[in-house]
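Q: Quick one: structure below, then a few questions.
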Amino acid sequence: MLERVHPARPGWYEKLYATAMDKGMQSYEAEIAQYKSDLFSQLSVAGKNILELGVGTGPNLKYYASADGVNVIGVDPNMYMEEYSRAAATSAGLPSSNFTFRRGVGEALPAEDGSMDAVIGTLVLCSVKDTDMALRGNNSSLQQ
Ligand SMILES: C[S@@+](CC[C@H](N)C(=O)[O-])C[C@H]1O[C@@H](n2cnc3c(N)ncnc32)[C@H](O)[C@@H]1O
């Protein structure tokens, strides 16, 4: 499913994209910080299992990952996002054992039905090829 939805791109392209997101989104993140802070303060995540779809470089983690006992699975097809999102998780105070990066796509979420308490996604649905399939929830049975 991953290959069908997100055909392999050259490594240099995926790496460049990850670096560009990390550096290029800083002013956007600064501008939207208060809004995100207000929004994420409404989410109670302590002790919960959170899946972040299209986690990218992990710009949202600082808003919720410091909560006690939160477990985060960051899903993204671009393997170069792992380094950035893992660093963001660490700097947010999330123990490394509580953060898992899974290479995958929203159309075939790598998580069992009912195993997550909340799914977070920002700036991601425009990248998802089949938004209906991604929003439908557990579709791992469609993996082939
Ligand atoms: C514009 S970036 C946003 C990243 C992050 N959520 C943020 O707010 O900065 C879109 C992300 O979605 C990922 N992505 C692309 N196609 C995807 C798919 N089908 N399912 C999940 N993530 C996908 C990209 O690799 C990228 O990291």
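In the structure tokens, chains take the letters A, B, ... in the order shown, each chain's residues start at 1, and ligands count up from 1 in the order shown.
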Can you pull out the residues contacting Pro110 in chain A? Cut-off 8 Å, using only C-alpha atoms, and skip same-chain residues under 4 positions away; I want them as a compact mmCIF listing (two decimals) with N, CA and C atoms, in the first residue's frame.

A:
# COMPACT_ATOMS: atom_id res chain seq x y z
N VAL A 75 3.42 8.83 12.09
CA VAL A 75 3.36 8.10 10.81
C VAL A 75 3.71 9.04 9.68
N ARG A 102 6.72 5.43 12.47
CA ARG A 102 6.38 4.34 11.55
C ARG A 102 6.27 4.89 10.15
N GLY A 104 4.74 5.03 6.90
CA GLY A 104 3.45 4.57 6.43
C GLY A 104 2.62 5.72 5.91
N VAL A 105 1.40 5.41 5.52
CA VAL A 105 0.50 6.41 4.95
C VAL A 105 -0.86 6.33 5.63
N SER A 140 -6.21 -1.09 7.67
CA SER A 140 -5.05 -1.95 7.50
C SER A 140 -5.43 -3.25 6.79

Q: Enumerate, in order of chain and increasing residue number, the residues of chain A with an atom no farther than 7 Å from ligand 1, each with its shortest atom pair and distance in Å to one decimal, counting only C-alpha atoms and all ligand atoms, as JSON lines.

A:
{"residue": "A:Val5", "atom": "CA", "partner": "ligand 1", "partner_atom_place_in_ligand_line": "19 (N)", "distance": 6.1}
{"residue": "A:His6", "atom": "CA", "partner": "ligand 1", "partner_atom_place_in_ligand_line": "19 (N)", "distance": 6.4}
{"residue": "A:Met21", "atom": "CA", "partner": "ligand 1", "partner_atom_place_in_ligand_line": "9 (O)", "distance": 6.8}
{"residue": "A:Leu53", "atom": "CA", "partner": "ligand 1", "partner_atom_place_in_ligand_line": "21 (C)", "distance": 5.4}
{"residue": "A:Gly54", "atom": "CA", "partner": "ligand 1", "partner_atom_place_in_ligand_line": "22 (N)", "distance": 3.5}
{"residue": "A:Val55", "atom": "CA", "partner": "ligand 1", "partner_atom_place_in_ligand_line": "6 (N)", "distance": 4.6}
{"residue": "A:Gly56", "atom": "CA", "partner": "ligand 1", "partner_atom_place_in_ligand_line": "27 (O)", "distance": 3.5}
{"residue": "A:Thr57", "atom": "CA", "partner": "ligand 1", "partner_atom_place_in_ligand_line": "9 (O)", "distance": 6.3}
{"residue": "A:Gly58", "atom": "CA", "partner": "ligand 1", "partner_atom_place_in_ligand_line": "5 (C)", "distance": 6.3}
{"residue": "A:Pro59", "atom": "CA", "partner": "ligand 1", "partner_atom_place_in_ligand_line": "9 (O)", "distance": 5.7}
{"residue": "A:Asn60", "atom": "CA", "partner": "ligand 1", "partner_atom_place_in_ligand_line": "8 (O)", "distance": 6.8}
{"residue": "A:Val75", "atom": "CA", "partner": "ligand 1", "partner_atom_place_in_ligand_line": "21 (C)", "distance": 6.4}
{"residue": "A:Asp76", "atom": "CA", "partner": "ligand 1", "partner_atom_place_in_ligand_line": "22 (N)", "distance": 4.6}
{"residue": "A:Pro77", "atom": "CA", "partner": "ligand 1", "partner_atom_place_in_ligand_line": "25 (O)", "distance": 5.3}
{"residue": "A:Asn78", "atom": "CA", "partner": "ligand 1", "partner_atom_place_in_ligand_line": "25 (O)", "distance": 4.7}
{"residue": "A:Met81", "atom": "CA", "partner": "ligand 1", "partner_atom_place_in_ligand_line": "27 (O)", "distance": 6.6}
{"residue": "A:Gly104", "atom": "CA", "partner": "ligand 1", "partner_atom_place_in_ligand_line": "21 (C)", "distance": 6.6}
{"residue": "A:Val105", "atom": "CA", "partner": "ligand 1", "partner_atom_place_in_ligand_line": "20 (N)", "distance": 3.4}
{"residue": "A:Gly106", "atom": "CA", "partner": "ligand 1", "partner_atom_place_in_ligand_line": "20 (N)", "distance": 3.9}
{"residue": "A:Glu107", "atom": "CA", "partner": "ligand 1", "partner_atom_place_in_ligand_line": "19 (N)", "distance": 6.1}
{"residue": "A:Gly121", "atom": "CA", "partner": "ligand 1", "partner_atom_place_in_ligand_line": "6 (N)", "distance": 5.7}
{"residue": "A:Thr122", "atom": "CA", "partner": "ligand 1", "partner_atom_place_in_ligand_line": "8 (O)", "distance": 4.3}
{"residue": "A:Leu123", "atom": "CA", "partner": "ligand 1", "partner_atom_place_in_ligand_line": "3 (C)", "distance": 4.6}
{"residue": "A:Val124", "atom": "CA", "partner": "ligand 1", "partner_atom_place_in_ligand_line": "10 (C)", "distance": 4.5}
{"residue": "A:Ser127", "atom": "CA", "partner": "ligand 1", "partner_atom_place_in_ligand_line": "16 (N)", "distance": 4.4}
{"residue": "A:Val128", "atom": "CA", "partner": "ligand 1", "partner_atom_place_in_ligand_line": "19 (N)", "distance": 3.8}
{"residue": "A:Lys129", "atom": "CA", "partner": "ligand 1", "partner_atom_place_in_ligand_line": "19 (N)", "distance": 5.7}

Q: Using CA of Tyr64 in chain A and CA of Ser37 in chain A as the two end points, give the distance in Å to one decimal.

A: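 Atom-to-atom, CA of Tyr64 in chain A to CA of Ser37 in chain A, that is 9.0 Å.
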
Q: A:Leu39, A:Met79, A:Ile120, A:Ala67: which is nearest Leu51 in chain A, counting only C-alpha atoms?

A: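 That would be A:Ile120, the residue with the smallest distance to Leu51 in chain A.
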
Q: For the atom pair CA of Val119 in chain A and CA of Gly11 in chain A, what is the interatomic distance in Å to one decimal place?

A: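 Distance between the two atoms: 27.8 Å.
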
Q: With only C-alpha atoms as the counted atoms, please give the residues lying no more than 7 Å from range 95-100 of chain A, apart from itself and same-chain residues fewer than 4 positions off, as a short mmCIF file (atom, residue, chain, number, x, y, z; two decimals) with N, CA and C atoms, in the first residue's frame.

A:
data_model
loop_
_atom_site.label_atom_id
_atom_site.label_comp_id
_atom_site.auth_asym_id
_atom_site.auth_seq_id
_atom_site.Cartn_x
_atom_site.Cartn_y
_atom_site.Cartn_z
N VAL A 70 2.19 9.94 27.93
CA VAL A 70 1.63 9.91 26.58
C VAL A 70 2.52 9.05 25.67
N ASN A 71 1.90 8.28 24.81
CA ASN A 71 2.61 7.45 23.83
C ASN A 71 2.26 7.96 22.45
N VAL A 72 3.28 8.26 21.65
CA VAL A 72 3.03 8.85 20.34
C VAL A 72 3.58 7.96 19.24
N ILE A 73 2.73 7.70 18.25
CA ILE A 73 3.20 7.05 17.02
C ILE A 73 3.14 8.11 15.93
N GLY A 74 4.29 8.43 15.36
CA GLY A 74 4.34 9.38 14.26
C GLY A 74 4.40 8.60 12.95
N THR A 90 12.07 14.46 21.64
CA THR A 90 13.01 14.54 22.75
C THR A 90 13.00 15.94 23.35
#

Q: DSSP on the backbone, strand (DSSP E) only: what residues of range 2-140 of chain A does that give? Format it as a list in words.

A: Asn49, Ile50, Leu51, Glu52, Leu53, Asn71, Val72, Ile73, Gly74, Val75, Asp76, Phe99, Thr100, Phe101, Arg102, Arg103, Ala118, Val119 and Ile120 of chain A

Q: For the residues selected in the previous step, produce a file with all heavy atoms as a compact mmCIF listing (two decimals), in the first residue's frame.

A:
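The resulting file, part.txt, is reproduced below:
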# COMPACT_ATOMS: atom_id res chain seq x y z
N ASN A 49 -2.76 7.11 23.99
CA ASN A 49 -2.05 6.71 22.78
C ASN A 49 -2.47 7.64 21.65
O ASN A 49 -3.65 7.71 21.29
CB ASN A 49 -2.42 5.28 22.39
CG ASN A 49 -1.89 4.28 23.40
OD1 ASN A 49 -0.74 4.38 23.83
ND2 ASN A 49 -2.73 3.35 23.80
N ILE A 50 -1.49 8.34 21.13
CA ILE A 50 -1.76 9.35 20.09
C ILE A 50 -1.06 8.95 18.80
O ILE A 50 0.11 8.57 18.82
CB ILE A 50 -1.20 10.73 20.52
CG1 ILE A 50 -1.73 11.14 21.90
CG2 ILE A 50 -1.50 11.79 19.47
CD1 ILE A 50 -3.22 11.33 22.00
N LEU A 51 -1.78 9.03 17.71
CA LEU A 51 -1.16 8.80 16.41
C LEU A 51 -1.13 10.14 15.69
O LEU A 51 -2.15 10.82 15.60
CB LEU A 51 -1.96 7.78 15.60
CG LEU A 51 -1.33 7.34 14.27
CD1 LEU A 51 -1.66 5.88 13.98
CD2 LEU A 51 -1.79 8.21 13.11
N GLU A 52 0.04 10.53 15.24
CA GLU A 52 0.12 11.76 14.45
C GLU A 52 0.38 11.38 13.00
O GLU A 52 1.40 10.80 12.63
CB GLU A 52 1.17 12.74 14.98
CG GLU A 52 1.07 14.03 14.19
CD GLU A 52 1.58 15.29 14.86
OE1 GLU A 52 1.83 15.31 16.08
OE2 GLU A 52 1.73 16.28 14.10
N LEU A 53 -0.60 11.72 12.19
CA LEU A 53 -0.56 11.37 10.77
C LEU A 53 0.24 12.42 9.99
O LEU A 53 -0.03 13.62 10.11
CB LEU A 53 -2.02 11.33 10.25
CG LEU A 53 -2.22 10.96 8.80
CD1 LEU A 53 -1.69 9.56 8.51
CD2 LEU A 53 -3.70 11.05 8.45
N ASN A 71 1.90 8.28 24.81
CA ASN A 71 2.61 7.45 23.83
C ASN A 71 2.26 7.96 22.45
O ASN A 71 1.08 8.08 22.13
CB ASN A 71 2.15 5.99 23.92
CG ASN A 71 2.97 5.25 24.92
OD1 ASN A 71 4.17 5.07 24.75
ND2 ASN A 71 2.32 4.84 26.00
N VAL A 72 3.28 8.26 21.65
CA VAL A 72 3.03 8.85 20.34
C VAL A 72 3.58 7.96 19.24
O VAL A 72 4.73 7.53 19.30
CB VAL A 72 3.67 10.25 20.22
CG1 VAL A 72 3.38 10.87 18.86
CG2 VAL A 72 3.18 11.17 21.34
N ILE A 73 2.73 7.70 18.25
CA ILE A 73 3.20 7.05 17.02
C ILE A 73 3.14 8.11 15.93
O ILE A 73 2.07 8.66 15.64
CB ILE A 73 2.32 5.86 16.63
CG1 ILE A 73 2.39 4.78 17.70
CG2 ILE A 73 2.75 5.29 15.27
CD1 ILE A 73 1.53 3.56 17.41
N GLY A 74 4.29 8.43 15.36
CA GLY A 74 4.34 9.38 14.26
C GLY A 74 4.40 8.60 12.95
O GLY A 74 5.31 7.79 12.76
N VAL A 75 3.42 8.83 12.09
CA VAL A 75 3.36 8.10 10.81
C VAL A 75 3.71 9.04 9.68
O VAL A 75 3.16 10.15 9.59
CB VAL A 75 1.94 7.52 10.59
CG1 VAL A 75 1.84 6.86 9.21
CG2 VAL A 75 1.58 6.54 11.69
N ASP A 76 4.62 8.61 8.84
CA ASP A 76 4.99 9.44 7.68
C ASP A 76 5.67 8.54 6.64
O ASP A 76 6.44 7.65 7.01
CB ASP A 76 5.96 10.55 8.09
CG ASP A 76 5.91 11.73 7.14
OD1 ASP A 76 6.38 11.59 5.99
OD2 ASP A 76 5.36 12.78 7.52
N PHE A 99 8.04 7.27 21.99
CA PHE A 99 7.84 7.78 20.62
C PHE A 99 8.25 6.72 19.62
O PHE A 99 9.34 6.17 19.67
CB PHE A 99 8.67 9.05 20.37
CG PHE A 99 8.49 9.58 18.96
CD1 PHE A 99 7.35 10.30 18.61
CD2 PHE A 99 9.44 9.34 17.98
CE1 PHE A 99 7.17 10.77 17.32
CE2 PHE A 99 9.28 9.81 16.67
CZ PHE A 99 8.13 10.52 16.35
N THR A 100 7.35 6.41 18.72
CA THR A 100 7.64 5.45 17.65
C THR A 100 7.38 6.14 16.32
O THR A 100 6.33 6.76 16.14
CB THR A 100 6.68 4.23 17.75
OG1 THR A 100 6.77 3.70 19.05
CG2 THR A 100 7.06 3.17 16.73
N PHE A 101 8.36 6.03 15.43
CA PHE A 101 8.16 6.54 14.07
C PHE A 101 7.83 5.34 13.20
O PHE A 101 8.55 4.34 13.21
CB PHE A 101 9.42 7.23 13.55
CG PHE A 101 9.27 7.77 12.15
CD1 PHE A 101 8.86 9.08 11.94
CD2 PHE A 101 9.55 6.97 11.04
CE1 PHE A 101 8.71 9.58 10.64
CE2 PHE A 101 9.41 7.46 9.75
CZ PHE A 101 8.98 8.76 9.55
N ARG A 102 6.72 5.43 12.47
CA ARG A 102 6.38 4.34 11.55
C ARG A 102 6.27 4.89 10.15
O ARG A 102 5.51 5.83 9.90
CB ARG A 102 5.04 3.70 11.93
CG ARG A 102 5.10 3.00 13.23
CD ARG A 102 4.36 1.65 13.20
NE ARG A 102 4.49 1.02 14.50
CZ ARG A 102 3.48 0.71 15.29
NH1 ARG A 102 2.24 0.89 14.90
NH2 ARG A 102 3.69 0.17 16.46
N ARG A 103 7.03 4.31 9.24
CA ARG A 103 6.93 4.72 7.85
C ARG A 103 5.62 4.16 7.31
O ARG A 103 5.41 2.94 7.32
CB ARG A 103 8.14 4.18 7.08
CG ARG A 103 8.24 4.78 5.72
CD ARG A 103 9.64 4.69 5.14
NE ARG A 103 9.56 5.15 3.78
CZ ARG A 103 9.61 4.38 2.72
NH1 ARG A 103 9.80 3.08 2.87
NH2 ARG A 103 9.48 4.89 1.51
N ALA A 118 -6.47 9.29 20.10
CA ALA A 118 -6.68 10.47 19.25
C ALA A 118 -5.72 10.41 18.07
O ALA A 118 -4.63 9.82 18.16
CB ALA A 118 -6.43 11.76 20.04
N VAL A 119 -6.16 10.99 16.98
CA VAL A 119 -5.30 11.12 15.79
C VAL A 119 -5.16 12.61 15.50
O VAL A 119 -6.15 13.35 15.48
CB VAL A 119 -5.92 10.41 14.57
CG1 VAL A 119 -5.07 10.66 13.32
CG2 VAL A 119 -6.05 8.91 14.82
N ILE A 120 -3.91 13.02 15.34
CA ILE A 120 -3.61 14.43 15.07
C ILE A 120 -3.04 14.53 13.66
O ILE A 120 -2.27 13.68 13.24
CB ILE A 120 -2.56 14.94 16.09
CG1 ILE A 120 -3.19 15.00 17.49
CG2 ILE A 120 -2.00 16.30 15.68
CD1 ILE A 120 -2.20 15.26 18.61

Q: From a backbone DSSP assignment, name each residue in chain A labelled alpha helix (DSSP H), as a count of residues only.

A: 53

Q: Which polymer residues have any atom within 12 Å of an atom of Ala20 in chain A, counting only C-alpha atoms, with same-chain residues fewer than 3 positions away left out, as an mmCIF file with all heavy atoms, in the first residue's frame?

A:
data_model
loop_
_atom_site.group_PDB
_atom_site.id
_atom_site.type_symbol
_atom_site.label_atom_id
_atom_site.label_comp_id
_atom_site.auth_asym_id
_atom_site.auth_seq_id
_atom_site.Cartn_x
_atom_site.Cartn_y
_atom_site.Cartn_z
ATOM 1 N N TRP A 12 17.495 11.628 -2.307
ATOM 2 C CA TRP A 12 17.915 13.023 -2.191
ATOM 3 C C TRP A 12 16.693 13.944 -2.134
ATOM 4 O O TRP A 12 16.697 14.953 -1.424
ATOM 5 C CB TRP A 12 18.836 13.443 -3.352
ATOM 6 C CG TRP A 12 18.182 13.463 -4.716
ATOM 7 C CD1 TRP A 12 18.229 12.474 -5.653
ATOM 8 C CD2 TRP A 12 17.377 14.519 -5.278
ATOM 9 N NE1 TRP A 12 17.491 12.841 -6.762
ATOM 10 C CE2 TRP A 12 16.972 14.092 -6.561
ATOM 11 C CE3 TRP A 12 16.971 15.772 -4.823
ATOM 12 C CZ2 TRP A 12 16.164 14.877 -7.400
ATOM 13 C CZ3 TRP A 12 16.170 16.561 -5.656
ATOM 14 C CH2 TRP A 12 15.772 16.105 -6.933
ATOM 15 N N TYR A 13 15.616 13.556 -2.849
ATOM 16 C CA TYR A 13 14.412 14.387 -2.880
ATOM 17 C C TYR A 13 13.716 14.357 -1.510
ATOM 18 O O TYR A 13 13.333 15.391 -0.957
ATOM 19 C CB TYR A 13 13.458 13.894 -3.971
ATOM 20 C CG TYR A 13 12.133 14.639 -3.946
ATOM 21 C CD1 TYR A 13 11.983 15.838 -4.642
ATOM 22 C CD2 TYR A 13 11.050 14.153 -3.197
ATOM 23 C CE1 TYR A 13 10.778 16.537 -4.586
ATOM 24 C CE2 TYR A 13 9.853 14.854 -3.138
ATOM 25 C CZ TYR A 13 9.723 16.039 -3.833
ATOM 26 O OH TYR A 13 8.543 16.734 -3.769
ATOM 27 N N GLU A 14 13.584 13.140 -0.958
ATOM 28 C CA GLU A 14 12.911 12.997 0.340
ATOM 29 C C GLU A 14 13.703 13.740 1.428
ATOM 30 O O GLU A 14 13.123 14.374 2.309
ATOM 31 C CB GLU A 14 12.791 11.515 0.713
ATOM 32 C CG GLU A 14 11.962 10.689 -0.260
ATOM 33 C CD GLU A 14 10.457 10.743 0.010
ATOM 34 O OE1 GLU A 14 9.918 11.864 0.069
ATOM 35 O OE2 GLU A 14 9.856 9.675 0.153
ATOM 36 N N LYS A 15 15.042 13.652 1.330
ATOM 37 C CA LYS A 15 15.902 14.302 2.317
ATOM 38 C C LYS A 15 15.787 15.827 2.207
ATOM 39 O O LYS A 15 15.656 16.543 3.203
ATOM 40 C CB LYS A 15 17.354 13.859 2.067
ATOM 41 C CG LYS A 15 18.261 14.099 3.216
ATOM 42 C CD LYS A 15 19.607 13.414 2.961
ATOM 43 C CE LYS A 15 20.474 13.570 4.181
ATOM 44 N NZ LYS A 15 21.734 12.897 4.068
ATOM 45 N N LEU A 16 15.801 16.304 0.957
ATOM 46 C CA LEU A 16 15.684 17.743 0.719
ATOM 47 C C LEU A 16 14.336 18.254 1.230
ATOM 48 O O LEU A 16 14.245 19.316 1.853
ATOM 49 C CB LEU A 16 15.824 18.028 -0.779
ATOM 50 C CG LEU A 16 15.716 19.494 -1.203
ATOM 51 C CD1 LEU A 16 16.887 20.308 -0.661
ATOM 52 C CD2 LEU A 16 15.674 19.611 -2.726
ATOM 53 N N TYR A 17 13.294 17.470 0.974
ATOM 54 C CA TYR A 17 11.950 17.863 1.410
ATOM 55 C C TYR A 17 11.894 17.970 2.939
ATOM 56 O O TYR A 17 11.344 18.929 3.497
ATOM 57 C CB TYR A 17 10.920 16.847 0.900
ATOM 58 C CG TYR A 17 9.486 17.202 1.230
ATOM 59 C CD1 TYR A 17 8.877 18.309 0.651
ATOM 60 C CD2 TYR A 17 8.745 16.436 2.127
ATOM 61 C CE1 TYR A 17 7.556 18.643 0.965
ATOM 62 C CE2 TYR A 17 7.441 16.756 2.443
ATOM 63 C CZ TYR A 17 6.848 17.859 1.856
ATOM 64 O OH TYR A 17 5.555 18.180 2.174
ATOM 65 N N LYS A 23 13.472 23.748 7.980
ATOM 66 C CA LYS A 23 13.947 25.146 7.976
ATOM 67 C C LYS A 23 12.853 26.107 7.484
ATOM 68 O O LYS A 23 12.644 27.167 8.064
ATOM 69 C CB LYS A 23 15.170 25.284 7.039
ATOM 70 C CG LYS A 23 16.327 24.393 7.390
ATOM 71 C CD LYS A 23 17.189 24.990 8.492
ATOM 72 C CE LYS A 23 18.313 24.073 8.886
ATOM 73 N NZ LYS A 23 18.004 23.159 9.987
ATOM 74 N N GLY A 24 12.178 25.697 6.419
ATOM 75 C CA GLY A 24 11.257 26.623 5.740
ATOM 76 C C GLY A 24 9.976 26.919 6.497
ATOM 77 O O GLY A 24 9.300 27.906 6.209
ATOM 78 N N MET A 25 9.612 26.078 7.450
ATOM 79 C CA MET A 25 8.334 26.278 8.133
ATOM 80 C C MET A 25 8.485 27.026 9.456
ATOM 81 O O MET A 25 7.506 27.236 10.169
ATOM 82 C CB MET A 25 7.658 24.916 8.386
ATOM 83 C CG MET A 25 7.250 24.188 7.124
ATOM 84 S SD MET A 25 6.055 25.128 6.143
ATOM 85 C CE MET A 25 4.533 24.732 7.011
ATOM 86 N N GLN A 26 9.701 27.457 9.763
ATOM 87 C CA GLN A 26 9.907 28.081 11.084
ATOM 88 C C GLN A 26 9.094 29.355 11.271
ATOM 89 O O GLN A 26 8.495 29.579 12.322
ATOM 90 C CB GLN A 26 11.400 28.339 11.309
ATOM 91 C CG GLN A 26 12.141 27.048 11.635
ATOM 92 C CD GLN A 26 13.640 27.225 11.785
ATOM 93 O OE1 GLN A 26 14.165 28.339 11.725
ATOM 94 N NE2 GLN A 26 14.336 26.116 11.975
ATOM 95 N N GLY A 56 5.749 14.515 9.861
ATOM 96 C CA GLY A 56 6.770 15.413 9.314
ATOM 97 C C GLY A 56 7.910 15.610 10.290
ATOM 98 O O GLY A 56 8.413 14.656 10.901
ATOM 99 N N THR A 57 8.316 16.867 10.474
ATOM 100 C CA THR A 57 9.446 17.156 11.364
ATOM 101 C C THR A 57 9.009 17.254 12.823
ATOM 102 O O THR A 57 9.817 17.573 13.691
ATOM 103 C CB THR A 57 10.131 18.471 10.953
ATOM 104 O OG1 THR A 57 9.150 19.520 11.021
ATOM 105 C CG2 THR A 57 10.674 18.393 9.534
ATOM 106 N N TYR A 80 13.056 10.245 6.107
ATOM 107 C CA TYR A 80 13.957 11.291 6.606
ATOM 108 C C TYR A 80 13.284 12.173 7.652
ATOM 109 O O TYR A 80 13.942 12.993 8.300
ATOM 110 C CB TYR A 80 14.501 12.132 5.442
ATOM 111 C CG TYR A 80 15.412 11.311 4.569
ATOM 112 C CD1 TYR A 80 14.947 10.752 3.380
ATOM 113 C CD2 TYR A 80 16.730 11.054 4.948
ATOM 114 C CE1 TYR A 80 15.763 9.954 2.591
ATOM 115 C CE2 TYR A 80 17.558 10.266 4.164
ATOM 116 C CZ TYR A 80 17.067 9.718 2.988
ATOM 117 O OH TYR A 80 17.884 8.929 2.210
ATOM 118 N N MET A 81 11.983 12.017 7.798
ATOM 119 C CA MET A 81 11.284 12.779 8.841
ATOM 120 C C MET A 81 11.559 12.184 10.225
ATOM 121 O O MET A 81 11.348 12.850 11.233
ATOM 122 C CB MET A 81 9.769 12.801 8.581
ATOM 123 C CG MET A 81 9.353 13.507 7.303
ATOM 124 S SD MET A 81 9.848 15.245 7.328
ATOM 125 C CE MET A 81 9.066 15.805 5.794
ATOM 126 N N TYR A 84 14.096 14.164 12.398
ATOM 127 C CA TYR A 84 13.576 15.450 12.877
ATOM 128 C C TYR A 84 12.474 15.262 13.924
ATOM 129 O O TYR A 84 12.438 15.955 14.941
ATOM 130 C CB TYR A 84 13.029 16.265 11.701
ATOM 131 C CG TYR A 84 14.088 16.733 10.740
ATOM 132 C CD1 TYR A 84 14.274 16.110 9.510
ATOM 133 C CD2 TYR A 84 14.919 17.806 11.064
ATOM 134 C CE1 TYR A 84 15.251 16.534 8.624
ATOM 135 C CE2 TYR A 84 15.906 18.246 10.183
ATOM 136 C CZ TYR A 84 16.066 17.599 8.966
ATOM 137 O OH TYR A 84 17.034 18.035 8.096
#

Q: Counting only C-alpha atoms, what is within 8 Å of Leu61 in chain A, bar same-chain residues fewer than 6 positions away, as a list in words?

A: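 Selected residues are Ala88, Ala89 and Ala92 of chain A.
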
Q: Could the residues in this selection be saved with N, CA and C atoms as a PDB file, in the first residue's frame?

A:
ATOM      1  N   ALA A  88      12.390  16.367  17.809  1.00  0.00           N
ATOM      2  CA  ALA A  88      11.320  17.241  18.325  1.00  0.00           C
ATOM      3  C   ALA A  88      10.655  16.590  19.537  1.00  0.00           C
ATOM      4  N   ALA A  89      10.487  15.260  19.479  1.00  0.00           N
ATOM      5  CA  ALA A  89       9.877  14.539  20.602  1.00  0.00           C
ATOM      6  C   ALA A  89      10.774  14.647  21.832  1.00  0.00           C
ATOM      7  N   ALA A  92      10.683  17.995  23.325  1.00  0.00           N
ATOM      8  CA  ALA A  92       9.395  18.245  23.992  1.00  0.00           C
ATOM      9  C   ALA A  92       9.327  17.529  25.337  1.00  0.00           C
TER      10      ALA A  92
END

Q: For CA of Thr131 in chain A and CA of Lys62 in chain A, determine how far apart the two atoms are, in Å to one decimal place.

A: 26.2 Å
